[in-house]
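Enquirer: Below is the file entry13.txt, which contains compact mmCIF, C-alpha atoms.
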```
# COMPACT_ATOMS: atom_id res chain seq x y z
CA MET A 1 31.08 -12.68 11.84
CA LEU A 2 34.76 -12.20 11.01
CA SER A 3 36.72 -10.74 13.90
CA THR A 4 38.90 -8.16 12.19
CA GLU A 5 38.39 -5.63 9.43
CA THR A 6 41.27 -7.17 7.44
CA GLN A 7 39.74 -10.65 7.61
CA ASN A 8 36.37 -9.23 6.63
CA ARG A 9 37.73 -7.42 3.56
CA LYS A 10 39.71 -10.51 2.52
CA ARG A 11 36.70 -12.85 2.77
CA ILE A 12 34.41 -10.42 0.92
CA LYS A 13 36.97 -10.23 -1.89
CA GLU A 14 37.11 -14.05 -2.03
CA VAL A 15 33.32 -14.23 -2.31
CA GLU A 16 33.35 -11.53 -4.99
CA ASN A 17 36.00 -13.37 -7.02
CA ALA A 18 34.04 -16.63 -6.82
CA PHE A 19 31.31 -15.22 -9.07
CA ARG A 20 31.69 -16.28 -12.70
CA PRO A 21 31.04 -14.23 -14.70
CA PRO A 22 31.90 -11.35 -12.36
CA GLY A 23 28.84 -9.52 -11.09
CA GLU A 24 28.33 -6.40 -9.04
CA PRO A 25 31.35 -5.63 -6.81
CA LEU A 26 30.73 -6.66 -3.20
CA SER A 27 33.60 -4.72 -1.63
CA LYS A 28 32.19 -1.53 -0.18
CA PRO A 29 33.07 0.73 2.78
CA ASN A 30 31.31 -0.34 6.00
CA ARG A 31 30.05 -3.60 4.46
CA ILE A 32 30.43 -6.54 6.85
CA LEU A 33 30.08 -10.25 6.13
CA VAL A 34 27.78 -11.44 8.91
CA GLY A 35 27.54 -15.12 7.98
CA GLU A 36 27.51 -17.69 5.20
CA GLY A 37 26.24 -21.19 4.62
CA THR A 38 24.65 -23.69 2.26
CA LEU A 39 20.86 -23.80 1.99
CA MET A 40 18.35 -25.56 -0.24
CA LYS A 41 16.38 -23.21 -2.52
CA GLN A 42 13.17 -24.16 -4.29
CA GLY A 43 13.56 -23.61 -8.02
CA ARG A 44 10.95 -23.84 -10.74
CA LYS A 45 11.59 -27.54 -11.36
CA LYS A 46 13.47 -28.80 -8.30
CA TRP A 47 15.24 -27.95 -5.07
CA GLU A 48 18.82 -26.76 -5.56
CA GLN A 49 21.73 -26.34 -3.16
CA LYS A 50 22.94 -22.73 -3.02
CA ALA A 51 25.66 -20.91 -1.10
CA PHE A 52 24.17 -17.89 0.70
CA PHE A 53 26.13 -14.93 2.07
CA LEU A 54 24.58 -12.51 4.54
CA PHE A 55 26.11 -9.05 4.78
CA ASN A 56 24.94 -6.25 7.04
CA ASP A 57 23.12 -4.61 4.11
CA ILE A 58 22.56 -7.34 1.46
CA LEU A 59 21.83 -11.05 1.06
CA VAL A 60 23.62 -12.82 -1.80
CA TYR A 61 23.35 -16.20 -3.52
CA GLY A 62 24.97 -16.96 -6.84
CA SER A 63 24.98 -13.64 -8.66
CA VAL A 64 21.67 -12.53 -7.09
CA ILE A 65 21.94 -9.59 -4.69
CA MET A 66 19.00 -8.61 -2.47
CA ASN A 67 18.84 -5.54 -0.23
CA ASN A 68 18.15 -6.61 3.35
CA GLN A 69 15.75 -3.70 3.76
CA ASP A 70 13.58 -5.09 0.95
CA ILE A 71 13.31 -8.61 2.38
CA ARG A 72 10.25 -10.03 4.14
CA LEU A 73 10.55 -13.37 5.93
CA GLU A 74 7.70 -15.82 6.51
CA ASP A 75 8.05 -18.91 8.69
CA MET A 76 6.70 -22.13 7.15
CA GLU A 77 5.62 -25.47 8.56
CA ASP A 78 7.76 -28.55 7.93
CA GLY A 79 6.87 -30.87 5.08
CA GLU A 80 7.50 -34.60 4.76
CA GLU A 81 10.51 -34.31 2.43
CA PHE A 82 11.98 -30.92 3.31
CA LYS A 83 12.00 -29.41 6.78
CA ASN A 84 13.13 -26.16 8.41
CA LEU A 85 11.37 -24.13 5.73
CA TRP A 86 10.83 -20.42 5.40
CA LEU A 87 9.88 -18.00 2.63
CA ILE A 88 12.05 -15.12 1.44
CA CYS A 89 10.04 -12.38 -0.30
CA THR A 90 11.52 -9.44 -2.22
CA PRO A 91 10.04 -7.06 -4.81
CA ARG A 92 11.80 -8.89 -7.67
CA LYS A 93 11.42 -12.53 -6.61
CA SER A 94 10.22 -14.75 -3.77
CA PHE A 95 11.20 -18.34 -2.98
CA TYR A 96 11.20 -21.12 -0.38
CA ILE A 97 14.35 -21.98 1.58
CA SER A 98 15.20 -25.10 3.62
CA ALA A 99 17.99 -25.18 6.23
CA PRO A 100 19.82 -28.36 7.34
CA THR A 101 18.61 -27.94 10.95
CA CYS A 102 16.02 -26.02 12.90
CA GLU A 103 18.80 -24.17 14.74
CA GLU A 104 20.33 -22.98 11.47
CA LYS A 105 16.94 -21.84 10.21
CA LYS A 106 16.35 -19.79 13.37
CA ALA A 107 19.88 -18.36 13.19
CA TRP A 108 19.48 -17.25 9.56
CA MET A 109 16.11 -15.64 10.19
CA MET A 110 17.30 -13.95 13.38
CA HIS A 111 20.44 -12.51 11.81
CA ILE A 112 18.58 -11.21 8.76
CA GLU A 113 16.11 -9.48 11.08
CA LEU A 114 18.96 -8.05 13.18
CA CYS A 115 20.57 -6.64 10.02
CA GLN A 116 17.23 -5.10 9.03
CA SER A 117 16.82 -3.53 12.48
CA SER A 118 20.31 -2.04 12.26
CA LEU A 119 19.56 -0.59 8.82
CA LEU A 120 16.33 0.96 10.09
CA GLN A 121 18.38 3.03 12.51
CA GLU A 122 20.52 4.38 9.66
CA GLN A 123 18.10 4.67 6.72
CA VAL A 124 14.49 5.54 6.07
CA PRO A 125 12.81 2.36 4.72
CA GLU A 126 10.94 2.47 1.43
CA GLN A 127 7.22 2.60 2.06
CA ASN A 128 4.52 0.34 0.59
CA LEU A 129 6.79 -2.25 -1.01
CA THR A 130 5.10 -4.69 -3.37
CA PHE A 131 6.54 -8.21 -3.11
CA ALA A 132 6.80 -10.69 -5.95
CA LYS A 133 4.60 -13.77 -5.71
CA CYS A 134 6.35 -17.09 -5.12
CA TRP A 135 6.11 -19.31 -8.22
CA ILE A 136 4.11 -22.50 -7.83
CA PRO A 137 6.57 -25.34 -8.72
CA ASP A 138 5.96 -27.13 -12.00
CA HIS A 139 5.31 -30.51 -10.38
CA ALA A 140 2.61 -29.07 -8.10
CA ALA A 141 0.31 -28.32 -11.05
CA GLN A 142 -0.85 -31.03 -13.44
CA LYS A 143 -3.37 -28.66 -15.03
CA CYS A 144 -3.38 -25.02 -16.07
CA MET A 145 -4.44 -22.99 -13.05
CA ARG A 146 -6.63 -20.76 -15.25
CA CYS A 147 -8.38 -22.94 -17.85
CA PHE A 148 -7.64 -26.33 -16.18
CA VAL A 149 -6.39 -28.01 -19.35
CA THR A 150 -4.07 -30.93 -18.56
CA PHE A 151 -0.38 -30.35 -19.29
CA THR A 152 1.26 -32.65 -21.85
CA PRO A 153 4.59 -32.67 -23.74
CA ILE A 154 2.84 -30.38 -26.24
CA ILE A 155 0.84 -28.24 -23.80
CA ARG A 156 3.72 -26.93 -21.73
CA ARG A 157 3.89 -25.18 -18.37
CA HIS A 158 4.57 -21.46 -18.06
CA HIS A 159 4.52 -19.08 -15.10
CA CYS A 160 2.64 -15.83 -14.74
CA ARG A 161 5.18 -13.34 -13.37
CA LYS A 162 2.51 -11.45 -11.47
CA CYS A 163 0.56 -14.15 -9.59
CA GLY A 164 3.06 -17.05 -9.83
CA PHE A 165 0.47 -19.50 -11.19
CA VAL A 166 1.42 -22.35 -13.52
CA VAL A 167 -0.47 -21.74 -16.76
CA CYS A 168 -0.58 -22.90 -20.37
CA ASN A 169 0.65 -20.81 -23.28
CA LYS A 170 -2.91 -20.02 -24.40
CA CYS A 171 -3.64 -18.46 -21.00
CA SER A 172 -0.39 -16.49 -20.87
CA LYS A 173 0.07 -14.93 -24.30
CA ASP A 174 -0.04 -11.37 -22.97
CA ARG A 175 2.91 -9.35 -21.70
CA ALA A 176 2.83 -6.56 -19.14
CA ARG A 177 5.20 -4.26 -17.29
CA ILE A 178 5.42 -5.16 -13.59
CA ASN A 179 7.29 -2.25 -12.06
CA HIS A 180 8.47 -3.89 -8.85
CA ILE A 181 9.99 -6.83 -10.79
CA ASP A 182 11.39 -5.09 -13.88
CA PRO A 183 10.14 -1.62 -14.91
CA LYS A 184 11.87 -1.82 -18.30
CA LYS A 185 10.78 -5.26 -19.52
CA LEU A 186 7.44 -6.71 -20.60
CA LEU A 187 6.86 -9.96 -18.70
CA ARG A 188 4.61 -12.97 -19.31
CA VAL A 189 1.29 -12.69 -17.45
CA CYS A 190 -1.84 -14.82 -17.33
CA LYS A 191 -5.11 -13.59 -18.79
CA ILE A 192 -6.57 -12.51 -15.43
CA CYS A 193 -3.45 -10.58 -14.40
CA SER A 194 -3.26 -9.07 -17.89
CA LYS A 195 -6.75 -7.67 -17.43
CA THR A 196 -5.78 -6.29 -14.02
CA CYS A 197 -2.62 -4.67 -15.43
CA LYS A 198 -4.57 -3.00 -18.24
CA GLU A 199 -7.15 -1.68 -15.78
CA ASN A 200 -4.36 -0.35 -13.59
CA GLU A 201 -2.75 1.42 -16.55
CA ILE A 202 -6.03 3.14 -17.32
CA SER A 203 -6.44 4.07 -13.67
CA ARG A 204 -2.91 5.43 -13.49
CA ALA A 205 -3.39 7.54 -16.61
CA ARG A 206 -6.65 8.99 -15.30
CA PHE A 207 -5.98 9.52 -11.63
CA ASP A 208 -2.27 9.34 -10.77
CA SER A 209 -1.71 13.04 -11.38
CA ASP A 210 -4.47 13.86 -8.89
CA GLY A 211 -3.14 11.46 -6.28
CA LEU A 212 -6.53 9.79 -5.95
CA TRP A 213 -5.38 6.22 -6.36
CA GLY A 214 -2.84 4.13 -4.50
CA ASP A 215 -0.45 1.53 -5.83
CA ALA A 216 -1.51 0.66 -9.36
CA GLU A 217 0.21 -2.71 -8.96
CA ASP A 218 -2.41 -3.82 -6.43
CA LEU A 219 -4.89 -6.47 -7.43
CA SER A 220 -8.55 -5.63 -7.75
CA SER A 221 -10.74 -6.99 -4.96
CA GLU A 222 -12.32 -9.53 -7.32
CA ASP A 223 -8.94 -10.76 -8.55
CA GLU A 224 -7.51 -10.87 -5.04
CA PHE A 225 -10.41 -13.07 -3.96
CA SER A 226 -9.85 -15.34 -6.97
CA LEU A 227 -6.14 -15.69 -6.30
CA THR A 228 -6.63 -16.33 -2.60
CA CYS A 229 -9.15 -19.09 -3.23
CA LEU A 230 -6.90 -20.78 -5.79
CA ILE A 231 -3.42 -20.36 -4.38
CA ARG A 232 -3.92 -21.29 -0.72
CA PRO A 233 -5.14 -24.85 -1.32
CA THR A 234 -2.43 -25.36 -3.95
CA VAL A 235 0.43 -24.18 -1.72
CA LYS A 236 -0.94 -26.15 1.23
CA ALA A 237 -1.15 -29.30 -0.88
CA TYR A 238 2.34 -28.65 -2.22
CA CYS A 239 3.86 -28.16 1.24
CA ASN A 240 2.09 -31.27 2.54
CA SER A 241 3.59 -33.30 -0.28
CA PHE A 242 7.16 -32.83 1.02
```
Let's see the structure in the file written out as structure tokens.
Expert:
Amino acid sequence: MLSTETQNRKRIKEVENAFRPPGEPLSKPNRILVGEGTLMKQGRKKWEQKAFFLFNDILVYGSVIMNNQDIRLEDMEDGEEFKNLWLICTPRKSFYISAPTCEEKKAWMMHIELCQSSLLQEQVPEQNLTFAKCWIPDHAAQKCMRCFVTFTPIIRRHHCRKCGFVVCNKCSKDRARINHIDPKKLLRVCKICSKTCKENEISRARFDSDGLWGDAEDLSSEDEFSLTCLIRPTVKAYCNSF
């Protein structure tokens, strides 16, 4: 943490100016730069090196800004290739992170949690957050995770924005609005999640006004069972392949 307010404002301005094209302004009253460092982030196709900046109220990498209050951390076991792993979950996106050392991993997780604890004393947290599913990496799926057709240069990989599965185009032709990711945009979803979204829309239209139903984004019990059975072995196999 920078020792003086002047140093803090100067460094925040430097970080803000480093974004090209310019994004949301980072300079804000009472905002403090807690720490910064380089971490490996799992992308759709490969791991990428990213500069992360932790402020007392937000976490930033590239032009992506995440509210600390909306972050959930999950510790992960080491793999063969990448170690010091953990999972960052937010309503809009979730992804795996790898730190250079175990000490750095613990420090990042501890400081994020300390920032969250401090915010809890100042603000009322949003209740019942729905977190985005972490995308299964392309190389972890050789077949569509819905119809099990083998991927080829013609049969390409796509991702369902709701469950994170790798699916073929035939199994992901539908689009749906996923409020916690983007309430204004229709996003690609697989055929099972499409069915769930349509059922939720019907449920919302019928019962939301009476307050009889909870979060319409929740999966049905049947779909939750299906996803759990499919995704756990896949993620375990993927992590073990590091």
Enquirer: So that I can check the surroundings of Ile12 of chain A, please list as an MDAnalysis selection string every protein, DNA and RNA residue that reaches within 12 Å of it, counting only C-alpha atoms and ignoring chain neighbours fewer than 2 positions away.
Expert: chainID A and resid 1:2 5:10 14:19 25:36 53:55 60
Enquirer: From the set A:Trp47, A:Trp135, A:Phe52, A:Trp86, which residue has the shortest atom-to-atom contact distance to Arg157 of chain A, counting all atoms listed in the file?
Expert: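 Smallest separation from Arg157 of chain A among the options: A:Trp135.
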Enquirer: Quick one, how far is atom CA of Cys115 of chain A from atom CA of Ala132 of chain A?
Expert: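 Those two atoms sit 21.5 Å apart.
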Enquirer: Between atom CA of Asn84 of chain A and atom CA of Pro100 of chain A, what is the distance in Å, rounded to a tenth?
Expert: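 Computing the Euclidean distance for atom CA of Asn84 of chain A and atom CA of Pro100 of chain A yields 7.1 Å.
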Enquirer: Choose the residue, out of A:Glu81, A:Glu199, A:Glu24, A:Glu104, that has the smallest atom-to-atom separation from Ile65 of chain A; count all atoms listed in the file.
Expert: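 That would be A:Glu24, the residue with the smallest distance to Ile65 of chain A.
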Enquirer: Closest to Gly37 of chain A among A:Ala107, A:Val166, A:Ile58, A:Leu85, using all atoms listed in the file?
Expert: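 The answer is A:Ala107, which sits nearest to Gly37 of chain A.
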Enquirer: Give me the residues within 12 Å of Arg92 of chain A as a count of residues only, counting all atoms listed in the file and dropping any in the same chain fewer than 6 places off.
Expert: 22
Enquirer: At what distance in Å, to one decimal, does atom CA of Asn68 of chain A lie from atom CA of Gln121 of chain A?
Expert: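 Pair atom CA of Gln121 of chain A / atom CA of Asn68 of chain A returns 13.3 Å.
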Enquirer: Could you check which of A:Lys83, A:Ser172, A:Gln142, A:His158 is closest to Glu103 of chain A, using all atoms listed in the file?
Expert: A:Lys83
Enquirer: From the list A:Arg204, A:His159, A:Lys170, A:Arg175, which residue is nearest Pro137 of chain A when using all atoms listed in the file?
Expert: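 Of all the options, A:His159 lies closest to Pro137 of chain A.
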Enquirer: Put the listed atoms of segment 167-170 of chain A in a box along x, y and z with 6 Å added on every side and give me the centre and edge lengths in Å to one decimal, as AutoDock Vina command-line options.
Expert:
```
--center_x -1.1 --center_y -21.5 --center_z -20.6 --size_x 15.6 --size_y 14.9 --size_z 19.6
```
Enquirer: Out of A:Ile97, A:Met76, A:Cys160, A:Met110, which residue has the shortest atom-to-atom distance to Gln49 of chain A when counting all atoms listed in the file?
Expert: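 Distance minimum relative to Gln49 of chain A lands on A:Ile97.
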